[in-house]
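Enquirer: So I've got this file, my_file-v9.cif, and it contains mmCIF, C-alpha atoms:
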data_input
loop_
_atom_site.group_PDB
_atom_site.id
_atom_site.type_symbol
_atom_site.label_atom_id
_atom_site.label_comp_id
_atom_site.auth_asym_id
_atom_site.auth_seq_id
_atom_site.Cartn_x
_atom_site.Cartn_y
_atom_site.Cartn_z
ATOM 1 C CA MET A 1 10.440 38.510 1.470
ATOM 2 C CA GLU A 2 10.335 35.291 3.524
ATOM 3 C CA THR A 3 7.308 33.517 4.961
ATOM 4 C CA THR A 4 7.080 34.039 8.714
ATOM 5 C CA VAL A 5 6.114 30.883 10.575
ATOM 6 C CA GLN A 6 4.476 31.627 13.916
ATOM 7 C CA ASN A 7 5.509 29.511 16.879
ATOM 8 C CA GLU A 8 2.618 30.006 19.273
ATOM 9 C CA LEU A 9 -1.103 29.500 18.800
ATOM 10 C CA PRO A 10 -3.400 32.465 19.507
ATOM 11 C CA GLY A 11 -4.105 32.808 23.217
ATOM 12 C CA GLY A 12 -1.061 30.714 24.110
ATOM 13 C CA ARG A 13 -3.001 27.472 23.619
ATOM 14 C CA PRO A 14 -0.895 24.294 23.298
ATOM 15 C CA TYR A 15 -3.246 22.780 20.728
ATOM 16 C CA PHE A 16 -6.435 23.469 18.799
ATOM 17 C CA TYR A 17 -8.978 20.863 17.690
ATOM 18 C CA TYR A 18 -11.916 21.294 15.345
ATOM 19 C CA ARG A 19 -14.112 19.214 13.084
ATOM 20 C CA LEU A 20 -14.980 20.429 9.595
ATOM 21 C CA LYS A 21 -18.429 18.986 8.874
ATOM 22 C CA LYS A 22 -19.613 17.897 5.453
ATOM 23 C CA ASP A 23 -22.610 20.268 5.414
ATOM 24 C CA PHE A 24 -20.422 23.369 5.760
ATOM 25 C CA PRO A 25 -20.944 25.550 2.648
ATOM 26 C CA ILE A 26 -17.235 26.229 2.051
ATOM 27 C CA GLN A 27 -15.994 23.202 0.137
ATOM 28 C CA SER A 28 -12.619 24.550 -0.965
ATOM 29 C CA ARG A 29 -9.846 26.859 0.160
ATOM 30 C CA HIS A 30 -7.292 28.436 -2.121
ATOM 31 C CA THR A 31 -3.517 28.309 -1.820
ATOM 32 C CA HIS A 32 -2.176 29.628 1.494
ATOM 33 C CA TRP A 33 0.403 28.421 3.988
ATOM 34 C CA ARG A 34 -0.121 26.767 7.331
ATOM 35 C CA SER A 35 1.589 28.375 10.293
ATOM 36 C CA TYR A 36 1.435 25.352 12.603
ATOM 37 C CA PRO A 37 1.961 21.566 12.338
ATOM 38 C CA GLN A 38 -1.281 19.623 11.959
ATOM 39 C CA LEU A 39 -2.700 16.116 11.821
ATOM 40 C CA VAL A 40 -5.859 15.696 9.739
ATOM 41 C CA HIS A 41 -8.034 12.575 9.736
ATOM 42 C CA LEU A 42 -10.556 12.170 6.924
ATOM 43 C CA ARG A 43 -13.659 10.647 8.514
ATOM 44 C CA ASP A 44 -15.761 10.466 5.366
ATOM 45 C CA GLY A 45 -15.853 11.544 1.727
ATOM 46 C CA THR A 46 -12.953 12.598 -0.470
ATOM 47 C CA LEU A 47 -10.325 15.307 -0.016
ATOM 48 C CA GLU A 48 -8.303 16.673 -2.915
ATOM 49 C CA VAL A 49 -5.353 18.518 -1.441
ATOM 50 C CA TRP A 50 -2.435 20.390 -3.023
ATOM 51 C CA LEU A 51 0.644 20.401 -0.785
ATOM 52 C CA ASN A 52 3.405 22.673 -2.044
ATOM 53 C CA CYS A 53 1.402 22.674 -5.307
ATOM 54 C CA GLN A 54 1.436 18.889 -5.685
ATOM 55 C CA LYS A 55 -1.925 17.121 -5.814
ATOM 56 C CA TYR A 56 -2.963 14.212 -3.571
ATOM 57 C CA THR A 57 -6.386 12.544 -3.256
ATOM 58 C CA LEU A 58 -7.398 11.173 0.149
ATOM 59 C CA SER A 59 -10.390 8.995 1.005
ATOM 60 C CA ALA A 60 -12.145 8.009 4.242
ATOM 61 C CA GLY A 61 -9.703 6.780 6.894
ATOM 62 C CA ASP A 62 -6.641 8.486 5.449
ATOM 63 C CA VAL A 63 -4.443 10.743 7.584
ATOM 64 C CA LEU A 64 -2.602 13.878 6.503
ATOM 65 C CA TYR A 65 0.385 15.409 8.302
ATOM 66 C CA ILE A 66 1.181 19.058 7.444
ATOM 67 C CA ALA A 67 4.340 20.749 8.734
ATOM 68 C CA ALA A 68 4.450 24.451 9.553
ATOM 69 C CA GLY A 69 5.156 26.570 6.487
ATOM 70 C CA THR A 70 3.557 24.186 3.965
ATOM 71 C CA LEU A 71 1.669 25.720 1.043
ATOM 72 C CA ILE A 72 -1.766 24.131 0.867
ATOM 73 C CA SER A 73 -5.085 24.334 -0.948
ATOM 74 C CA TRP A 74 -7.945 21.839 -0.823
ATOM 75 C CA LYS A 75 -11.286 20.793 -2.224
ATOM 76 C CA LEU A 76 -13.808 18.639 -0.364
ATOM 77 C CA ALA A 77 -16.326 16.165 -1.765
ATOM 78 C CA GLY A 78 -18.804 15.184 0.957
ATOM 79 C CA ALA A 79 -15.942 15.153 3.429
ATOM 80 C CA GLU A 80 -15.795 15.405 7.210
ATOM 81 C CA LEU A 81 -12.440 16.093 8.864
ATOM 82 C CA ASP A 82 -10.879 15.937 12.321
ATOM 83 C CA VAL A 83 -8.098 18.525 12.552
ATOM 84 C CA LEU A 84 -5.541 18.661 15.360
ATOM 85 C CA VAL A 85 -3.281 21.744 15.383
ATOM 86 C CA PHE A 86 -0.164 21.911 17.585
ATOM 87 C CA ASP A 87 1.830 24.791 18.984
ATOM 88 C CA PRO A 88 5.375 23.545 18.267
ATOM 89 C CA ALA A 89 6.979 25.669 20.999
ATOM 90 C CA ARG A 90 4.666 24.348 23.733
ATOM 91 C CA PHE A 91 4.837 20.839 22.321
ATOM 92 C CA MET A 92 8.638 20.717 22.601
ATOM 93 C CA ARG A 93 8.445 21.645 26.307
ATOM 94 C CA LEU A 94 6.526 18.453 27.112
ATOM 95 C CA PRO A 95 8.423 15.746 29.070
ATOM 96 C CA ASN A 96 10.322 13.457 26.678
ATOM 97 C CA ALA A 97 9.090 15.419 23.670
ATOM 98 C CA GLN A 98 12.548 15.118 22.129
ATOM 99 C CA ASP A 99 11.705 11.432 21.529
ATOM 100 C CA ILE A 100 8.874 12.454 19.198
ATOM 101 C CA THR A 101 9.357 14.126 15.843
ATOM 102 C CA PHE A 102 6.766 16.154 13.973
ATOM 103 C CA THR A 103 8.801 16.412 10.798
ATOM 104 C CA PRO A 104 8.361 12.950 9.249
ATOM 105 C CA ARG A 105 9.954 12.711 5.809
ATOM 106 C CA GLY A 106 9.638 16.337 4.857
ATOM 107 C CA SER A 107 6.966 18.999 5.072
ATOM 108 C CA CYS A 108 3.902 16.808 4.493
ATOM 109 C CA LEU A 109 2.810 13.196 4.530
ATOM 110 C CA CYS A 110 -0.362 11.569 3.140
ATOM 111 C CA ILE A 111 -1.010 8.195 4.741
ATOM 112 C CA ARG A 112 -3.358 5.300 4.072
ATOM 113 C CA ASP A 113 -3.332 3.692 7.511
ATOM 114 C CA ASP A 114 -3.525 0.003 6.571
ATOM 115 C CA GLY A 115 -3.428 -1.201 10.169
ATOM 116 C CA GLN A 116 -5.542 1.665 11.580
ATOM 117 C CA ALA A 117 -2.994 2.069 14.394
ATOM 118 C CA LEU A 118 -2.471 5.754 13.714
ATOM 119 C CA VAL A 119 -6.198 6.498 13.518
ATOM 120 C CA ALA A 120 -6.807 4.644 16.802
ATOM 121 C CA CYS A 121 -4.066 6.658 18.547
ATOM 122 C CA LEU A 122 -5.377 9.887 17.072
ATOM 123 C CA HIS A 123 -8.940 9.145 18.235
ATOM 124 C CA ASN A 124 -7.724 8.395 21.773
ATOM 125 C CA PHE A 125 -5.674 11.570 21.831
ATOM 126 C CA VAL A 126 -8.508 13.777 20.532
ATOM 127 C CA GLY A 127 -10.918 12.176 23.015
ATOM 128 C CA GLY A 128 -8.567 13.023 25.884
ATOM 129 C CA LEU A 129 -8.252 16.624 24.712
ATOM 130 C CA ILE A 130 -12.032 17.038 24.618
ATOM 131 C CA LEU A 131 -12.658 15.415 28.009
ATOM 132 C CA SER A 132 -9.927 17.256 29.891
ATOM 133 C CA PRO A 133 -8.583 20.739 29.066
ATOM 134 C CA ARG A 134 -5.373 19.873 30.946
ATOM 135 C CA TYR A 135 -4.900 16.556 29.149
ATOM 136 C CA PHE A 136 -2.243 17.990 26.867
ATOM 137 C CA ASP A 137 0.090 18.480 29.835
ATOM 138 C CA ASN A 138 0.194 14.711 30.397
ATOM 139 C CA CYS A 139 -0.060 13.352 26.885
ATOM 140 C CA ALA A 140 3.540 12.551 25.925
ATOM 141 C CA SER A 141 2.820 8.810 25.915
ATOM 142 C CA ASP A 142 -0.143 9.176 23.548
ATOM 143 C CA LEU A 143 1.860 11.394 21.226
ATOM 144 C CA ARG A 144 4.678 8.855 21.259
ATOM 145 C CA ARG A 145 2.218 6.113 20.262
ATOM 146 C CA ILE A 146 0.970 8.303 17.415
ATOM 147 C CA MET A 147 4.479 8.764 16.059
ATOM 148 C CA LEU A 148 5.314 5.070 16.582
ATOM 149 C CA ALA A 149 2.290 4.289 14.415
ATOM 150 C CA TYR A 150 3.981 6.364 11.707
ATOM 151 C CA THR A 151 7.188 4.369 11.950
ATOM 152 C CA ALA A 152 5.656 0.909 12.489
ATOM 153 C CA GLY A 153 5.161 0.443 8.758
ATOM 154 C CA ALA A 154 1.430 -0.351 8.953
ATOM 155 C CA TYR A 155 0.577 2.294 6.397
ATOM 156 C CA THR A 156 1.079 3.294 2.776
ATOM 157 C CA ILE A 157 2.459 6.692 1.824
ATOM 158 C CA LEU A 158 0.230 8.075 -0.925
ATOM 159 C CA PRO A 159 2.173 9.306 -3.965
ATOM 160 C CA ALA A 160 1.681 12.762 -5.441
ATOM 161 C CA GLU A 161 -0.427 12.818 -8.603
ATOM 162 C CA THR A 162 1.369 15.784 -10.164
ATOM 163 C CA PRO A 163 5.077 16.640 -10.620
ATOM 164 C CA ALA A 164 6.907 18.749 -8.056
ATOM 165 C CA PHE A 165 7.774 22.416 -8.535
ATOM 166 C CA SER A 166 11.263 23.685 -7.805
ATOM 167 C CA ALA A 167 12.226 25.229 -4.463
ATOM 168 C CA ARG A 168 12.752 28.551 -6.265
ATOM 169 C CA GLN A 169 9.246 28.496 -7.765
ATOM 170 C CA LEU A 170 7.696 27.699 -4.381
ATOM 171 C CA SER A 171 9.715 30.481 -2.751
ATOM 172 C CA HIS A 172 8.486 32.968 -5.369
ATOM 173 C CA LEU A 173 4.892 31.883 -4.805
ATOM 174 C CA ARG A 174 5.199 32.186 -1.018
ATOM 175 C CA THR A 175 6.581 35.706 -1.432
ATOM 176 C CA VAL A 176 3.698 36.803 -3.671
ATOM 177 C CA LEU A 177 1.057 35.194 -1.465
ATOM 178 C CA GLN A 178 2.502 36.899 1.590
ATOM 179 C CA LEU A 179 2.303 40.249 -0.191
ATOM 180 C CA ILE A 180 -1.313 39.574 -1.165
ATOM 181 C CA GLU A 181 -2.276 38.516 2.375
ATOM 182 C CA SER A 182 -0.695 41.569 3.983
ATOM 183 C CA HIS A 183 -2.475 43.937 1.568
ATOM 184 C CA LEU A 184 -5.642 41.968 0.886
ATOM 185 C CA SER A 185 -8.010 44.856 1.579
ATOM 186 C CA GLU A 186 -6.038 47.227 -0.664
ATOM 187 C CA GLN A 187 -5.925 47.659 -4.419
ATOM 188 C CA MET A 188 -2.914 45.886 -5.942
ATOM 189 C CA THR A 189 -1.682 46.121 -9.504
ATOM 190 C CA LEU A 190 -0.228 43.373 -11.635
ATOM 191 C CA ASP A 191 3.019 45.349 -11.907
ATOM 192 C CA GLN A 192 3.343 45.500 -8.103
ATOM 193 C CA LEU A 193 2.896 41.756 -7.721
ATOM 194 C CA ALA A 194 5.262 40.927 -10.580
ATOM 195 C CA ALA A 195 7.946 43.300 -9.311
ATOM 196 C CA GLU A 196 7.969 41.578 -5.921
ATOM 197 C CA ILE A 197 9.678 38.554 -7.480
ATOM 198 C CA GLY A 198 11.418 40.337 -10.359
ATOM 199 C CA LEU A 199 9.232 39.145 -13.241
ATOM 200 C CA SER A 200 7.497 40.944 -16.080
ATOM 201 C CA SER A 201 3.709 41.235 -15.760
ATOM 202 C CA LYS A 202 3.158 38.906 -18.707
ATOM 203 C CA TYR A 203 5.438 36.159 -17.402
ATOM 204 C CA PHE A 204 4.150 36.611 -13.850
ATOM 205 C CA CYS A 205 0.563 35.892 -14.955
ATOM 206 C CA ARG A 206 1.655 32.659 -16.608
ATOM 207 C CA PHE A 207 3.734 31.699 -13.551
ATOM 208 C CA PHE A 208 0.918 32.423 -11.072
ATOM 209 C CA GLN A 209 -1.722 30.550 -13.069
ATOM 210 C CA ARG A 210 0.536 27.547 -13.471
ATOM 211 C CA MET A 211 1.196 27.416 -9.719
ATOM 212 C CA THR A 212 -2.345 28.105 -8.445
ATOM 213 C CA GLY A 213 -4.652 27.271 -11.355
ATOM 214 C CA MET A 214 -6.121 30.772 -11.501
ATOM 215 C CA THR A 215 -5.261 34.342 -12.483
ATOM 216 C CA PRO A 216 -3.854 36.673 -9.794
ATOM 217 C CA PHE A 217 -7.035 38.740 -9.500
ATOM 218 C CA THR A 218 -9.350 35.721 -9.460
ATOM 219 C CA TYR A 219 -7.210 34.448 -6.599
ATOM 220 C CA ILE A 220 -7.375 37.778 -4.745
ATOM 221 C CA ASN A 221 -11.164 37.819 -5.072
ATOM 222 C CA ALA A 222 -11.412 34.284 -3.692
ATOM 223 C CA ARG A 223 -9.109 35.045 -0.759
ATOM 224 C CA ARG A 224 -11.134 38.143 0.128
ATOM 225 C CA ILE A 225 -14.291 36.051 0.347
ATOM 226 C CA GLU A 226 -12.487 33.432 2.439
ATOM 227 C CA GLN A 227 -11.313 36.174 4.795
ATOM 228 C CA ALA A 228 -14.860 37.533 4.954
ATOM 229 C CA CYS A 229 -16.085 34.071 6.017
ATOM 230 C CA ASP A 230 -13.504 33.965 8.808
ATOM 231 C CA LEU A 231 -14.577 37.429 9.992
ATOM 232 C CA PHE A 232 -18.279 36.546 9.954
ATOM 233 C CA ILE A 233 -17.558 33.477 12.104
ATOM 234 C CA ARG A 234 -15.436 35.406 14.635
ATOM 235 C CA GLU A 235 -17.099 38.789 14.872
ATOM 236 C CA LYS A 236 -20.625 40.144 15.153
ATOM 237 C CA ALA A 237 -20.309 42.751 12.394
ATOM 238 C CA THR A 238 -22.558 44.083 9.649
ATOM 239 C CA VAL A 239 -22.270 42.995 6.041
ATOM 240 C CA ARG A 240 -21.146 46.509 5.076
ATOM 241 C CA GLU A 241 -18.400 46.522 7.725
ATOM 242 C CA ILE A 242 -17.012 43.169 6.580
ATOM 243 C CA SER A 243 -17.302 44.184 2.923
ATOM 244 C CA GLU A 244 -15.147 47.256 3.497
ATOM 245 C CA ARG A 245 -12.628 45.423 5.661
ATOM 246 C CA VAL A 246 -11.882 42.863 2.940
ATOM 247 C CA GLY A 247 -11.534 45.476 0.201
ATOM 248 C CA TYR A 248 -14.983 45.779 -1.416
ATOM 249 C CA LYS A 249 -16.251 49.360 -1.691
ATOM 250 C CA ASP A 250 -19.385 48.246 -3.577
ATOM 251 C CA ILE A 251 -21.492 46.245 -1.102
ATOM 252 C CA ASN A 252 -23.775 44.894 -3.834
ATOM 253 C CA TYR A 253 -20.796 43.463 -5.711
ATOM 254 C CA PHE A 254 -19.543 41.936 -2.460
ATOM 255 C CA ILE A 255 -22.912 40.243 -1.798
ATOM 256 C CA LYS A 256 -23.067 38.923 -5.366
ATOM 257 C CA THR A 257 -19.501 37.568 -5.204
ATOM 258 C CA PHE A 258 -20.012 36.069 -1.748
ATOM 259 C CA LYS A 259 -23.182 34.268 -2.837
ATOM 260 C CA ARG A 260 -21.465 32.883 -5.929
ATOM 261 C CA TYR A 261 -18.631 31.483 -3.822
ATOM 262 C CA CYS A 262 -20.565 30.312 -0.732
ATOM 263 C CA GLY A 263 -24.005 29.515 -2.135
ATOM 264 C CA MET A 264 -25.745 31.877 0.306
ATOM 265 C CA THR A 265 -25.843 35.562 1.185
ATOM 266 C CA PRO A 266 -23.372 37.018 3.723
ATOM 267 C CA LYS A 267 -26.231 37.740 6.143
ATOM 268 C CA ARG A 268 -27.462 34.160 6.083
ATOM 269 C CA PHE A 269 -23.913 32.832 6.435
ATOM 270 C CA SER A 270 -23.313 35.033 9.473
ATOM 271 C CA SER A 271 -26.575 34.007 11.160
ATOM 272 C CA HIS A 272 -25.792 30.306 10.663
ATOM 273 C CA TYR A 273 -22.073 30.186 11.477
ATOM 274 C CA PHE A 274 -21.206 33.046 13.837
ATOM 275 C CA GLY A 275 -19.245 31.574 16.743
ATOM 276 C CA SER A 276 -18.747 28.200 15.042
ATOM 277 C CA ALA A 277 -15.445 26.354 15.460
ATOM 278 C CA GLU A 278 -15.925 24.375 12.253
ATOM 279 C CA TYR A 279 -13.986 26.654 9.962
ATOM 280 C CA LEU A 280 -10.967 27.856 11.888
ATOM 281 C CA SER A 281 -8.714 26.225 9.314
ATOM 282 C CA GLN A 282 -6.390 29.151 8.700
ATOM 283 C CA TYR A 283 -4.158 27.665 11.384
#
Produce structure tokens that represent the structure in this file.
Expert:
Amino acid sequence: METTVQNELPGGRPYFYYRLKKDFPIQSRHTHWRSYPQLVHLRDGTLEVWLNCQKYTLSAGDVLYIAAGTLISWKLAGAELDVLVFDPARFMRLPNAQDITFTPRGSCLCIRDDGQALVACLHNFVGGLILSPRYFDNCASDLRRIMLAYTAGAYTILPAETPAFSARQLSHLRTVLQLIESHLSEQMTLDQLAAEIGLSSKYFCRFFQRMTGMTPFTYINARRIEQACDLFIREKATVREISERVGYKDINYFIKTFKRYCGMTPKRFSSHYFGSAEYLSQY
């Protein structure tokens, strides 16, 4: 089973911008893959990020490039992020877009921008997007300056802090995570997950924990709560409705688990963050 990378943002939008503020209660997100290329600027704090299961630590001012199809998890420490998400299909239809590449040196790039050229270009670009909804249609020059800042050499590429996993291991993990995501609200057995990549249950548990840092069912629980957060932000639904949709038949257990993960009850979370654009980071 292969990971499907989408090539158009929801609603046909050419880009999506949001800011993840430091007071948001969700301070981590577990391993998943990004469907669209992104540029992330760390305004403040510290970001620990695992890209294809390799750890990097970013600090204020650093920039992160993530290609479509990258496996990612992250943990924030008093951080505030600017996130710019691109629709690659629409992007490539821009005038002279062939002069700009969004695949610099592989699937991801962590940058300490020594000259601040990239951050300055990114700020100008984001400002134009906010001020004019049609700005993207005339932004090829700004995008070119952003990519020239990559190639100008005024930055340091941050090294990974952990060794790389093999392409085969990453492929196996993507396959299992895709199975989990597509059946997240259903009951899954260890044998089903292990069989998907042809491993015994015992070896699969060791493999999964080594790759993600948690057991398969701890991971599933965490992803259900993350999905519940996304639903509470997007939809005006009751706690019971969301609980059932993410696979919890016992609403009391759902509330207890949600509070442990988010630091507040589902009802309070919904009342505070319904309609917010600060946590649309599944793109």
Enquirer: Which residues are close to A:Gly78, i.e. within 9 Å by all atoms listed in the file, leaving aside same-chain residues fewer than 3 positions away? Reply as a CSV table (one decimal) with C-alpha atoms, in the coordinates of the input.
Expert:
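Written output follows (out-v1.csv):
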chain,number,residue,atom,x,y,z
A,21,LYS,CA,-18.4,19.0,8.9
A,22,LYS,CA,-19.6,17.9,5.5
A,23,ASP,CA,-22.6,20.3,5.4
A,27,GLN,CA,-16.0,23.2,0.1
A,44,ASP,CA,-15.8,10.5,5.4
A,45,GLY,CA,-15.9,11.5,1.7
A,46,THR,CA,-13.0,12.6,-0.5
A,47,LEU,CA,-10.3,15.3,0.0
Enquirer: Using the chain letters and numbers from the file, which residues does the PyMOL selection byres ((chain A and resi 61-77) around 7) grab, as a PyMOL selection string?
Expert: chain A and resi 5+27-43+45-52+58-60+78-79+103+107-113
Enquirer: Leaving out A:Ile225 and any residue of its chain fewer than 3 positions from it, which residues lie within 10 Å of it when counting all atoms listed in the file, given as a ChimeraX atom specification?
Expert: /A:220-222,228-231,242-243,246-248,254-255,257-259,261-262,266
Enquirer: For the file shown, report as a list of chain:residue names the outcome of the PyMOL selection byres ((chain A and resi 217) around 12) at residue level.
Expert: A:Leu177, A:Ile180, A:Leu184, A:Gln187, A:Met188, A:Thr189, A:Leu190, A:Leu193, A:Cys205, A:Phe208, A:Gln209, A:Thr212, A:Gly213, A:Met214, A:Thr215, A:Pro216, A:Thr218, A:Tyr219, A:Ile220, A:Asn221, A:Ala222, A:Arg223, A:Arg224
Enquirer: Name every residue that the PyMOL selection byres ((chain A and resi 267) around 9) selects in this structure, writing the answer as a PDB file with C-alpha atoms, keeping the file's coordinate frame with chains first and numbers rising.
Expert:
ATOM      1  CA  PHE A 232     -18.279  36.546   9.954  1.00  0.00           C
ATOM      2  CA  THR A 238     -22.558  44.083   9.649  1.00  0.00           C
ATOM      3  CA  VAL A 239     -22.270  42.995   6.041  1.00  0.00           C
ATOM      4  CA  ILE A 255     -22.912  40.243  -1.798  1.00  0.00           C
ATOM      5  CA  MET A 264     -25.745  31.877   0.306  1.00  0.00           C
ATOM      6  CA  THR A 265     -25.843  35.562   1.185  1.00  0.00           C
ATOM      7  CA  PRO A 266     -23.372  37.018   3.723  1.00  0.00           C
ATOM      8  CA  ARG A 268     -27.462  34.160   6.083  1.00  0.00           C
ATOM      9  CA  PHE A 269     -23.913  32.832   6.435  1.00  0.00           C
ATOM     10  CA  SER A 270     -23.313  35.033   9.473  1.00  0.00           C
ATOM     11  CA  SER A 271     -26.575  34.007  11.160  1.00  0.00           C
ATOM     12  CA  HIS A 272     -25.792  30.306  10.663  1.00  0.00           C
TER      13      HIS A 272
END
Enquirer: In terms of the shortest atom-to-atom distance over all atoms listed in the file, which of A:Lys55, A:Lys202, A:Lys236, A:Arg145 is closest to A:Phe165?
Expert: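 Using all atoms listed in the file, A:Phe165 sits closest to A:Lys55.
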Enquirer: Given the choices A:Asp250, A:Glu196, A:Asp87, A:Asp114, which gets closest to A:Tyr15 if the distance is worked out from only C-alpha atoms?
Expert: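 Under the stated criterion, the closest residue is A:Asp87.
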Enquirer: Quick one: pull the distance between atom CA of A:Gly127 and atom CA of A:Tyr18, Å, one decimal.
Expert: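 Between these atoms lies a distance of 12.0 Å.
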Enquirer: Separation of atom CA of A:Val119 and atom CA of A:Thr57, in Å?
Expert: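 Computing it gives 17.8 Å between the two atoms.
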